[in-house]
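Below is work_4.cif, which holds mmCIF, C-alpha atoms.
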data_query
loop_
_atom_site.label_atom_id
_atom_site.label_comp_id
_atom_site.auth_asym_id
_atom_site.auth_seq_id
_atom_site.Cartn_x
_atom_site.Cartn_y
_atom_site.Cartn_z
CA MET R 14 65.09 103.13 157.11
CA ASN R 15 65.67 105.39 154.16
CA ILE R 16 69.19 106.43 153.30
CA PHE R 17 67.92 109.74 152.05
CA ASN R 18 66.76 110.56 155.53
CA MET R 19 70.26 110.18 156.89
CA LYS R 20 72.11 113.11 158.24
CA PRO R 21 73.40 115.12 155.30
CA TYR R 22 77.09 115.25 156.02
CA PRO R 23 78.00 111.58 155.61
CA LEU R 24 75.81 111.37 152.52
CA LEU R 25 77.34 114.48 151.01
CA LYS R 26 80.78 113.08 151.73
CA SER R 27 79.83 109.90 149.90
CA CYS R 28 78.52 111.90 146.95
CA LEU R 29 81.66 113.99 146.78
CA LEU R 30 83.78 110.86 146.95
CA ALA R 31 81.82 109.28 144.11
CA LEU R 32 82.15 112.48 142.10
CA GLY R 33 85.87 112.50 142.74
CA ILE R 34 86.20 108.93 141.51
CA PHE R 35 84.23 109.70 138.37
CA GLY R 36 86.23 112.86 137.82
CA SER R 37 89.50 110.95 138.11
CA ALA R 38 88.28 108.37 135.64
CA ALA R 39 87.23 111.12 133.26
CA ALA R 40 90.53 112.93 133.69
CA SER R 41 92.49 109.78 132.99
CA LEU R 42 90.51 109.30 129.79
CA HIS R 43 91.22 112.90 128.86
CA ALA R 44 94.92 112.44 129.56
CA GLN R 45 95.21 109.69 126.99
CA PRO R 46 96.69 110.77 123.66
CA ALA R 47 93.52 109.80 121.87
CA SER R 48 93.39 112.26 119.02
CA LEU R 49 95.66 112.08 116.02
CA LEU R 50 94.96 115.76 115.39
CA GLU R 51 96.72 116.65 118.64
CA ASN R 52 99.81 114.62 117.78
CA PRO R 53 102.68 117.09 117.13
CA GLY R 54 103.78 114.94 114.19
CA TYR R 55 100.48 115.41 112.38
CA LEU R 56 100.76 118.01 109.65
CA HIS R 57 97.71 120.23 109.43
CA LEU R 58 97.32 120.50 105.69
CA ASP R 59 93.90 122.14 105.60
CA GLU R 60 95.30 125.47 104.43
CA VAL R 61 97.42 123.80 101.74
CA LEU R 62 94.42 121.82 100.56
CA GLU R 63 92.16 124.86 100.62
CA ASN R 64 94.56 126.95 98.51
CA ASN R 65 95.34 124.17 96.04
CA GLN R 66 92.11 122.20 95.85
CA GLN R 67 91.80 122.56 92.09
CA TYR R 68 95.34 121.26 91.53
CA LEU R 69 94.99 118.17 93.70
CA LYS R 70 95.97 115.10 91.72
CA THR R 71 96.27 112.40 94.36
CA GLU R 72 95.40 112.07 98.00
CA VAL R 73 96.13 109.16 100.28
CA TYR R 74 94.89 109.30 103.86
CA LEU R 75 95.32 106.04 105.71
CA LYS R 76 94.48 106.25 109.39
CA GLN R 77 95.46 103.79 112.05
CA TYR R 78 92.42 101.54 111.95
CA ILE R 79 92.75 101.12 108.16
CA LEU R 80 96.47 100.39 108.51
CA ARG R 81 95.70 97.82 111.19
CA MET R 82 93.22 96.07 108.93
CA VAL R 83 95.69 96.05 106.05
CA ALA R 84 98.36 94.70 108.40
CA ARG R 85 96.04 91.95 109.55
CA VAL R 86 95.36 90.90 105.96
CA ALA R 87 99.03 91.13 104.92
CA ALA R 88 100.48 89.50 108.03
CA ALA R 89 100.64 85.99 106.63
CA GLU R 90 102.40 86.75 103.35
CA GLU R 91 104.25 89.98 104.13
CA PRO R 92 105.09 89.98 107.84
CA GLU R 93 107.61 92.81 107.66
CA PHE R 94 105.14 95.04 105.83
CA ALA R 95 102.49 94.15 108.42
CA GLN R 96 104.93 94.90 111.24
CA MET R 97 105.66 98.32 109.74
CA LEU R 98 101.98 99.15 109.33
CA ASN R 99 101.23 98.13 112.90
CA SER R 100 103.66 100.74 114.16
CA ILE R 101 102.33 103.58 111.98
CA GLN R 102 99.35 105.71 112.93
CA LEU R 103 99.00 107.69 109.73
CA ILE R 104 100.14 107.70 106.12
CA ARG R 105 99.16 110.81 104.26
CA VAL R 106 100.26 111.78 100.78
CA MET R 107 99.04 114.67 98.68
CA THR R 108 100.30 115.52 95.21
CA PHE R 109 99.38 118.62 93.26
CA GLU R 110 99.97 119.42 89.63
CA TYR R 111 100.02 123.01 88.47
CA ASP R 112 99.36 124.64 85.17
CA GLN R 113 100.77 127.97 84.00
CA SER R 114 98.38 129.98 86.17
CA GLY R 115 99.21 128.17 89.37
CA ALA R 116 102.96 127.98 88.94
CA ASP R 117 103.72 130.17 91.98
CA ASN R 118 101.33 128.31 94.23
CA ALA R 119 103.71 125.43 94.75
CA GLU R 120 106.54 127.48 96.18
CA ASP R 121 104.22 129.73 98.23
CA SER R 122 102.32 126.84 99.75
CA ALA R 123 105.45 124.83 100.42
CA ASN R 124 107.21 127.76 102.09
CA LYS R 125 104.18 128.51 104.25
CA LEU R 126 104.00 124.90 105.31
CA LEU R 127 107.72 124.75 106.08
CA SER R 128 107.65 127.96 108.09
CA HIS R 129 104.74 126.56 110.09
CA MET R 130 106.71 123.36 110.67
CA ASN R 131 109.72 125.37 111.85
CA THR R 132 107.63 126.70 114.73
CA GLY R 133 106.74 123.15 115.77
CA MET R 134 108.83 120.25 116.95
CA TRP R 135 110.20 119.38 113.51
CA ASP R 136 113.91 118.91 112.85
CA THR R 137 115.03 119.34 109.26
CA LEU R 138 117.06 116.35 108.14
CA VAL R 139 117.81 117.37 104.59
CA ARG R 140 116.96 120.22 102.30
CA SER R 141 118.09 119.77 98.76
CA ARG R 142 117.66 121.80 95.59
CA ASP R 143 118.59 120.32 92.24
CA GLU R 144 117.53 121.42 88.75
CA GLY R 145 114.53 123.30 90.03
CA ASN R 146 113.36 120.48 92.33
CA THR R 147 113.39 121.23 96.04
CA VAL R 148 113.07 118.47 98.61
CA ASN R 149 112.72 119.02 102.34
CA ILE R 150 112.75 116.09 104.74
CA SER R 151 111.92 116.71 108.38
CA MET R 152 111.38 114.42 111.31
CA GLN R 153 110.37 114.35 114.95
CA SER R 154 112.01 112.11 117.46
CA ASN R 155 111.09 111.85 121.14
CA GLN R 156 113.54 109.09 121.94
CA GLU R 157 116.90 108.05 120.64
CA ASP R 158 116.77 105.90 117.51
CA ILE R 159 113.00 106.20 117.18
CA ILE R 160 111.46 108.54 114.67
CA ASN R 161 107.92 109.48 115.67
CA ALA R 162 106.98 111.47 112.59
CA LEU R 163 108.32 112.10 109.12
CA ALA R 164 107.39 114.84 106.71
CA VAL R 165 108.61 115.15 103.13
CA VAL R 166 107.77 118.23 101.10
CA THR R 167 108.98 118.39 97.53
CA TRP R 168 108.09 120.87 94.83
CA ASN R 169 109.03 122.42 91.55
CA GLU R 170 107.26 124.75 89.14
CA GLU R 171 104.86 122.08 87.99
CA SER R 172 104.06 119.97 91.02
CA MET R 173 104.18 119.61 94.77
CA THR R 174 104.10 116.51 96.94
CA VAL R 175 103.56 116.41 100.68
CA VAL R 176 104.05 113.20 102.63
CA ASN R 177 103.33 112.80 106.33
CA LEU R 178 104.02 109.67 108.35
CA VAL R 179 103.13 109.46 112.02
CA GLY R 180 104.13 106.58 114.25
CA GLU R 181 107.24 104.66 115.20
CA ILE R 182 109.16 104.69 111.96
CA ASP R 183 112.10 102.43 111.24
CA LEU R 184 113.95 104.07 108.37
CA ASP R 185 115.89 100.94 107.49
CA MET R 186 112.72 98.90 107.22
CA LEU R 187 111.10 101.72 105.29
CA ALA R 188 113.95 101.74 102.78
CA ARG R 189 113.86 97.94 102.37
CA LEU R 190 110.12 97.83 101.86
CA GLY R 191 110.15 100.86 99.60
CA GLU R 192 112.58 99.14 97.27
CA GLN R 193 110.38 96.05 97.15
CA PHE R 194 107.24 98.01 96.36
CA ASP R 195 108.31 99.61 93.11
CA ILE R 196 104.81 99.27 91.70
CA GLY R 197 104.22 102.48 89.83
CA PRO R 198 102.80 105.89 90.72
CA LEU R 199 99.93 106.55 93.05
CA GLN R 200 96.53 106.17 91.50
CA GLU R 201 95.03 109.39 90.30
CA TYR R 202 91.59 110.61 91.21
CA PRO R 203 89.75 113.23 89.18
CA ALA R 204 89.24 116.43 91.13
CA GLY R 205 86.15 116.15 93.31
CA GLU R 206 85.97 112.36 93.37
CA GLN R 207 86.61 110.97 96.78
CA ASN R 208 89.05 108.18 97.49
CA PRO R 209 87.00 105.55 99.32
CA THR R 210 89.71 105.26 101.98
CA THR R 211 90.28 108.97 102.34
CA GLU R 212 88.75 110.84 105.17
CA GLY R 213 88.48 114.55 104.61
CA MET B 221 77.11 65.37 156.38
CA LYS B 222 75.46 67.18 159.23
CA ASP B 223 72.77 69.66 158.37
CA LYS B 224 73.57 73.19 159.38
CA PRO B 225 71.69 74.17 162.51
CA LYS B 226 68.78 76.40 161.62
CA ARG B 227 69.08 79.93 162.92
CA ARG B 228 66.46 80.96 165.37
CA PRO B 229 64.25 83.49 163.63
CA ASP B 230 64.39 85.93 166.56
CA ILE B 231 68.19 86.11 166.76
CA LEU B 232 70.32 88.29 164.52
CA SER B 233 73.85 87.29 163.54
CA PRO B 234 76.62 89.05 165.41
CA VAL B 235 77.82 90.67 162.22
CA MET B 236 74.39 92.11 161.46
CA GLU B 237 74.05 93.34 165.04
CA GLU B 238 77.33 95.20 164.73
CA ARG B 239 76.21 96.72 161.47
CA ILE B 240 72.93 97.87 162.94
CA LEU B 241 74.69 99.49 165.87
CA ALA B 242 77.19 101.18 163.57
CA VAL B 243 74.38 102.59 161.44
CA ALA B 244 72.45 103.77 164.50
CA TYR B 245 75.48 105.55 165.93
CA GLY B 246 76.50 107.01 162.58
CA ASP B 247 79.89 105.42 162.05
CA ALA B 248 79.01 102.73 159.58
CA SER B 249 80.67 102.44 156.18
CA LEU B 250 78.61 103.12 153.06
CA TRP B 251 78.57 99.41 152.27
CA ASP B 252 77.25 98.48 155.69
CA LYS B 253 74.57 101.15 155.44
CA LEU B 254 73.44 99.78 152.10
CA ILE B 255 73.29 96.25 153.47
CA VAL B 256 71.30 97.26 156.55
CA PHE B 257 68.99 99.37 154.39
CA GLN B 258 68.29 96.47 152.04
CA VAL B 259 67.81 93.91 154.79
CA SER B 260 65.62 96.19 156.93
CA ARG B 261 63.25 96.62 154.01
CA ARG B 262 62.70 92.88 153.91
CA SER B 263 62.95 91.97 157.58
CA VAL B 264 60.73 93.37 160.26
CA LYS B 265 63.10 91.97 162.87
CA VAL B 266 66.03 93.95 161.53
CA GLN B 267 63.90 97.07 161.20
CA LYS B 268 62.85 96.79 164.82
CA ALA B 269 66.41 96.24 165.97
CA LEU B 270 67.54 99.26 164.02
CA ASP B 271 64.80 101.48 165.43
CA GLN B 272 65.65 100.35 168.91
CA ALA B 273 69.36 100.99 168.40
CA ARG B 274 68.63 104.43 167.02
CA GLU B 275 66.50 105.32 169.99
CA THR B 276 69.24 104.12 172.33
CA ALA B 277 71.79 106.16 170.45
CA ARG B 278 69.62 109.24 170.66
CA LEU B 279 69.15 108.82 174.38
CA THR B 280 72.84 108.17 174.86
CA ARG B 281 73.73 111.36 173.11
CA THR B 282 71.27 113.43 175.04
CA ARG B 283 72.25 111.98 178.37
CA ILE B 284 75.97 112.45 178.14
CA ALA B 285 76.87 115.65 179.90
CA GLU B 286 79.13 117.29 177.43
CA VAL B 287 80.82 119.33 180.09
CA ARG B 288 82.30 116.11 181.49
CA CYS B 289 83.54 114.91 178.12
CA PRO B 290 87.03 115.66 176.92
CA ASP B 291 87.25 118.26 174.20
CA THR B 292 88.05 115.64 171.57
CA VAL B 293 84.82 113.79 172.29
CA SER B 294 82.80 116.99 172.28
CA THR B 295 84.23 117.94 168.92
CA TYR B 296 83.45 114.51 167.56
CA LEU B 297 79.86 114.64 168.82
CA GLU B 298 79.33 118.07 167.33
CA ARG B 299 79.17 116.43 163.91
CA TYR B 300 76.14 114.38 164.89
CA ARG B 301 74.22 116.99 166.80
CA GLU B 302 70.90 118.14 165.43
CA PRO B 303 71.59 121.58 163.99
CA GLU B 304 69.57 124.45 165.35
CA ALA B 305 69.77 126.49 162.20
CA PRO B 306 68.05 125.28 159.06
CA LEU B 307 70.17 123.07 156.89
CA MET B 308 71.74 124.51 153.79
CA PHE B 309 70.22 121.63 151.93
CA PRO B 310 66.76 120.76 153.20
CA GLY B 311 66.16 117.01 153.45
CA ASN B 312 64.30 116.55 150.19
CA TRP B 313 66.88 118.50 148.19
CA ILE B 314 69.48 115.87 148.95
CA ARG B 315 67.68 113.48 146.64
CA VAL B 316 67.80 116.05 143.88
CA PHE B 317 71.47 116.73 144.55
CA THR B 318 72.52 113.09 144.54
CA GLY B 319 70.44 112.41 141.47
CA THR B 320 71.99 115.35 139.65
CA VAL B 321 75.49 114.32 140.64
CA GLY B 322 74.84 110.80 139.43
CA VAL B 323 73.44 111.95 136.11
CA MET B 324 76.27 114.43 135.57
CA ALA B 325 78.88 111.79 136.35
CA ALA B 326 77.29 109.27 134.00
CA ALA B 327 76.99 111.88 131.26
CA THR B 328 80.62 112.91 131.72
CA ILE B 329 81.82 109.35 131.40
CA ALA B 330 79.65 108.75 128.34
CA VAL B 331 80.90 111.91 126.63
CA MET B 332 84.51 111.11 127.45
CA PHE B 333 84.17 107.65 125.95
CA ASN B 334 82.52 109.00 122.81
CA VAL B 335 84.99 111.82 122.34
CA PHE B 336 88.27 110.23 123.30
CA VAL B 337 87.86 106.58 122.40
CA GLU B 338 87.80 106.08 118.65
CA PRO B 339 85.33 103.38 117.73
CA ALA B 340 86.69 100.51 115.76
CA ASP B 341 85.39 100.54 112.22
CA ASP B 342 85.43 97.11 110.63
CA ASN B 343 83.15 98.04 107.79
CA LEU B 344 85.73 98.28 105.00
CA THR B 345 85.03 96.13 101.99
CA GLN B 346 87.58 93.78 100.51
CA GLU B 347 88.03 96.21 97.64
CA GLN B 348 88.78 99.05 100.02
CA ILE B 349 91.29 96.96 101.91
CA GLU B 350 93.04 96.04 98.67
CA LEU B 351 93.09 99.68 97.62
CA ALA B 352 94.46 100.73 101.00
CA THR B 353 97.16 98.06 100.75
CA LEU B 354 98.16 99.33 97.33
CA GLU B 355 98.21 102.93 98.52
CA ALA B 356 100.29 102.08 101.57
CA LYS B 357 102.86 100.27 99.44
CA GLN B 358 102.99 103.05 96.87
CA SER B 359 103.39 105.65 99.60
CA LEU B 360 106.29 103.78 101.16
CA ALA B 361 107.88 103.37 97.75
CA LEU B 362 107.47 107.09 97.07
CA ILE B 363 109.09 108.03 100.36
CA GLN B 364 111.99 105.68 99.76
CA GLN B 365 112.49 107.08 96.25
CA LEU B 366 112.47 110.67 97.49
CA MET B 367 114.95 109.88 100.23
CA GLN B 368 117.19 108.07 97.80
CA ASP B 369 117.17 111.04 95.42
CA VAL B 370 117.98 113.40 98.24
CA ALA B 371 120.74 111.15 99.51
CA GLY B 372 122.33 111.27 96.08
CA ASP B 373 122.06 115.06 95.90
CA ALA B 374 123.29 115.46 99.44
CA SER B 375 126.35 113.35 98.82
CA LYS B 376 127.17 115.44 95.73
CA GLN B 377 126.82 118.56 97.80
CA ALA B 378 129.06 117.05 100.46
CA ILE B 379 131.75 116.44 97.87
CA VAL B 380 131.52 120.07 96.77
CA ASP B 381 131.68 121.30 100.34
CA TYR B 382 134.63 119.20 101.35
CA THR B 383 136.80 119.44 98.24
CA ALA B 384 136.00 122.17 95.75
CA LYS B 385 135.36 124.94 98.27
CA PRO B 386 138.52 124.41 100.37
CA LEU B 387 140.51 124.01 97.17
CA ASN B 388 139.24 127.30 95.81
CA GLU B 389 139.97 129.06 99.07
CA THR B 390 143.52 127.72 99.12
CA LEU B 391 144.11 128.76 95.53
CA ASP B 392 142.79 132.23 96.31
CA GLU B 393 145.59 132.65 98.82
CA TYR B 394 148.19 132.24 96.12
CA PHE B 395 146.52 134.28 93.38
#

Would you put the structure from the file into structure tokens?
Amino acid sequence: MNIFNMKPYPLLKSCLLALGIFGSAAASLHAQPASLLENPGYLHLDEVLENNQQYLKTEVYLKQYILRMVARVAAAEEPEFAQMLNSIQLIRVMTFEYDQSGADNAEDSANKLLSHMNTGMWDTLVRSRDEGNTVNISMQSNQEDIINALAVVTWNEESMTVVNLVGEIDLDMLARLGEQFDIGPLQEYPAGEQNPTTEG
Amino acid sequence: MKDKPKRRPDILSPVMEERILAVAYGDASLWDKLIVFQVSRRSVKVQKALDQARETARLTRTRIAEVRCPDTVSTYLERYREPEAPLMFPGNWIRVFTGTVGVMAAATIAVMFNVFVEPADDNLTQEQIELATLEAKQSLALIQQLMQDVAGDASKQAIVDYTAKPLNETLDEYF
């Protein structure tokens, strides 16, 4: 007996059933929120980086798997810090410093970024202007009391800083930890040199 | 403990007999078909029983006068009747079709896993982990500092909004 000599209809039915099962499995994989790039809280900073590449002073790009490893290492001595990192999917910080020729770039780039954010799911928490420094803090929240993304854009004539946090963010814990970690400014990298933990 | 009685080599188990009949008459499950297929390849006895059952089934189908059958039975039998017109998929093409479906399904699953499941990367050095730890802490400190600055500015602005402005407006009414 050879199953391939069977009448076609039951065999075709079996094949279609198998295909349906595989298709469902594939669809369920596709339905998972697997890509950080598709997360609405992820700021797409490619245009900002492209227009201000020569002014880039510092870039921090810590993705989830790096944060998990750091959390694992820090868990014993700093459990609250580890707990915070385990709930964050991305920490991204970019700072730019401008000379005379690039003085307008900061405001232009920041305004473009903010107008792009206004079309997304961002809610502006605070916008403050003081002595030439402008700070804009926006957040996204899908559920009550849980912030899913935070974006801070601050600029003046000489510099611009963009911060993007994605994940379940506890602002109280963030404030407590931030006060503890008063350990100086972010390390600078000369233009062109790649941060070993940064992924472009 | 008693030894199990040895099965007579010329007798099939009742379960296998049922399976063979189901396969011969076309209403076996896929699992049963696979079992009968595997066993028939190794056992001449099972192969013979299957051939015999198939022949009986064929004769049974040809001998039943369809005009005496109820419509529901006729409709059911239609599915197992040898078609007069050529099949849309000739017999040998079914192998190609099932093979293609299997390959496509496997490829789809493989691609989905590669695209949507991020592989774990444990290849960071100790130095990189320490650097990442430092950067994470500095980033959190930066955020906290920025929010604190803004909170200070915002509270000043709130004082202006809630005191100076209404005061000015009230004074304007008198002057």

For this session: Can you pull out every residue within 6 Å of range 159-170 of chain R, counting all atoms listed in the file, but drop anything in the same chain fewer than 4 positions away, and send it as JSON, numbers by chain?
Result: {"R": [54, 116, 145, 146, 147, 148, 149, 150, 151, 152, 153, 154, 174, 175, 176, 177, 178, 179, 180, 181, 182]}

Might you spell out which residues the PyMOL selection byres ((chain B and resi 243-250) around 7) would select in the displayed file, as a PDB file with C-alpha atoms, in the frame of the given file?
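Final output, saved to result_7.pdb:
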ATOM      1  CA  ARG B 239      76.210  96.720 161.470  1.00  0.00           C
ATOM      2  CA  ILE B 240      72.930  97.870 162.940  1.00  0.00           C
ATOM      3  CA  LEU B 241      74.690  99.490 165.870  1.00  0.00           C
ATOM      4  CA  ALA B 242      77.190 101.180 163.570  1.00  0.00           C
ATOM      5  CA  TRP B 251      78.570  99.410 152.270  1.00  0.00           C
ATOM      6  CA  ASP B 252      77.250  98.480 155.690  1.00  0.00           C
ATOM      7  CA  LYS B 253      74.570 101.150 155.440  1.00  0.00           C
ATOM      8  CA  LEU B 254      73.440  99.780 152.100  1.00  0.00           C
ATOM      9  CA  LEU B 270      67.540  99.260 164.020  1.00  0.00           C
ATOM     10  CA  ALA B 273      69.360 100.990 168.400  1.00  0.00           C
ATOM     11  CA  ARG B 274      68.630 104.430 167.020  1.00  0.00           C
ATOM     12  CA  ALA B 277      71.790 106.160 170.450  1.00  0.00           C
TER      13      ALA B 277
END

Could you give me, as a PDB file with C-alpha atoms, keeping the file's coordinate frame, the residues that have an atom at most 12 Å away from the point (104.1, 125.7, 104.6) in the coordinates of the file, using only C-alpha atoms?
ATOM      1  CA  LEU R  56     100.760 118.010 109.650  1.00  0.00           C
ATOM      2  CA  HIS R  57      97.710 120.230 109.430  1.00  0.00           C
ATOM      3  CA  LEU R  58      97.320 120.500 105.690  1.00  0.00           C
ATOM      4  CA  ASP R  59      93.900 122.140 105.600  1.00  0.00           C
ATOM      5  CA  GLU R  60      95.300 125.470 104.430  1.00  0.00           C
ATOM      6  CA  VAL R  61      97.420 123.800 101.740  1.00  0.00           C
ATOM      7  CA  LEU R  62      94.420 121.820 100.560  1.00  0.00           C
ATOM      8  CA  ASN R  64      94.560 126.950  98.510  1.00  0.00           C
ATOM      9  CA  ASN R 118     101.330 128.310  94.230  1.00  0.00           C
ATOM     10  CA  ALA R 119     103.710 125.430  94.750  1.00  0.00           C
ATOM     11  CA  GLU R 120     106.540 127.480  96.180  1.00  0.00           C
ATOM     12  CA  ASP R 121     104.220 129.730  98.230  1.00  0.00           C
ATOM     13  CA  SER R 122     102.320 126.840  99.750  1.00  0.00           C
ATOM     14  CA  ALA R 123     105.450 124.830 100.420  1.00  0.00           C
ATOM     15  CA  ASN R 124     107.210 127.760 102.090  1.00  0.00           C
ATOM     16  CA  LYS R 125     104.180 128.510 104.250  1.00  0.00           C
ATOM     17  CA  LEU R 126     104.000 124.900 105.310  1.00  0.00           C
ATOM     18  CA  LEU R 127     107.720 124.750 106.080  1.00  0.00           C
ATOM     19  CA  SER R 128     107.650 127.960 108.090  1.00  0.00           C
ATOM     20  CA  HIS R 129     104.740 126.560 110.090  1.00  0.00           C
ATOM     21  CA  MET R 130     106.710 123.360 110.670  1.00  0.00           C
ATOM     22  CA  ASN R 131     109.720 125.370 111.850  1.00  0.00           C
ATOM     23  CA  THR R 132     107.630 126.700 114.730  1.00  0.00           C
ATOM     24  CA  GLY R 133     106.740 123.150 115.770  1.00  0.00           C
ATOM     25  CA  ASN R 149     112.720 119.020 102.340  1.00  0.00           C
ATOM     26  CA  ALA R 164     107.390 114.840 106.710  1.00  0.00           C
ATOM     27  CA  VAL R 165     108.610 115.150 103.130  1.00  0.00           C
ATOM     28  CA  VAL R 166     107.770 118.230 101.100  1.00  0.00           C
ATOM     29  CA  THR R 167     108.980 118.390  97.530  1.00  0.00           C
ATOM     30  CA  TRP R 168     108.090 120.870  94.830  1.00  0.00           C
ATOM     31  CA  MET R 173     104.180 119.610  94.770  1.00  0.00           C
ATOM     32  CA  THR R 174     104.100 116.510  96.940  1.00  0.00           C
ATOM     33  CA  VAL R 175     103.560 116.410 100.680  1.00  0.00           C
TER      34      VAL R 175
END

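Here the question is which of R:Asn155, R:Ser114, R:Ser141, R:Thr108 gets nearest to chain B using all atoms listed in the file, and that residue is R:Ser141.
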
Exercise. Do you have the CA of Ile363 in chain B-CA of Gly191 in chain R distance handy?
Worked result: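 Distance reported for this atom pair: 7.3 Å.
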
Exercise. For chain R, which residue among B:Ser260, B:Thr276, B:Asn343, B:Thr295 is the nearest when counting all atoms listed in the file?
Worked result: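 Ranked by minimum distance to chain R, first place goes to B:Ser260.
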
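What separates CA of Asp185 in chain R from CA of Thr137 in chain R is a distance of 18.5 Å.
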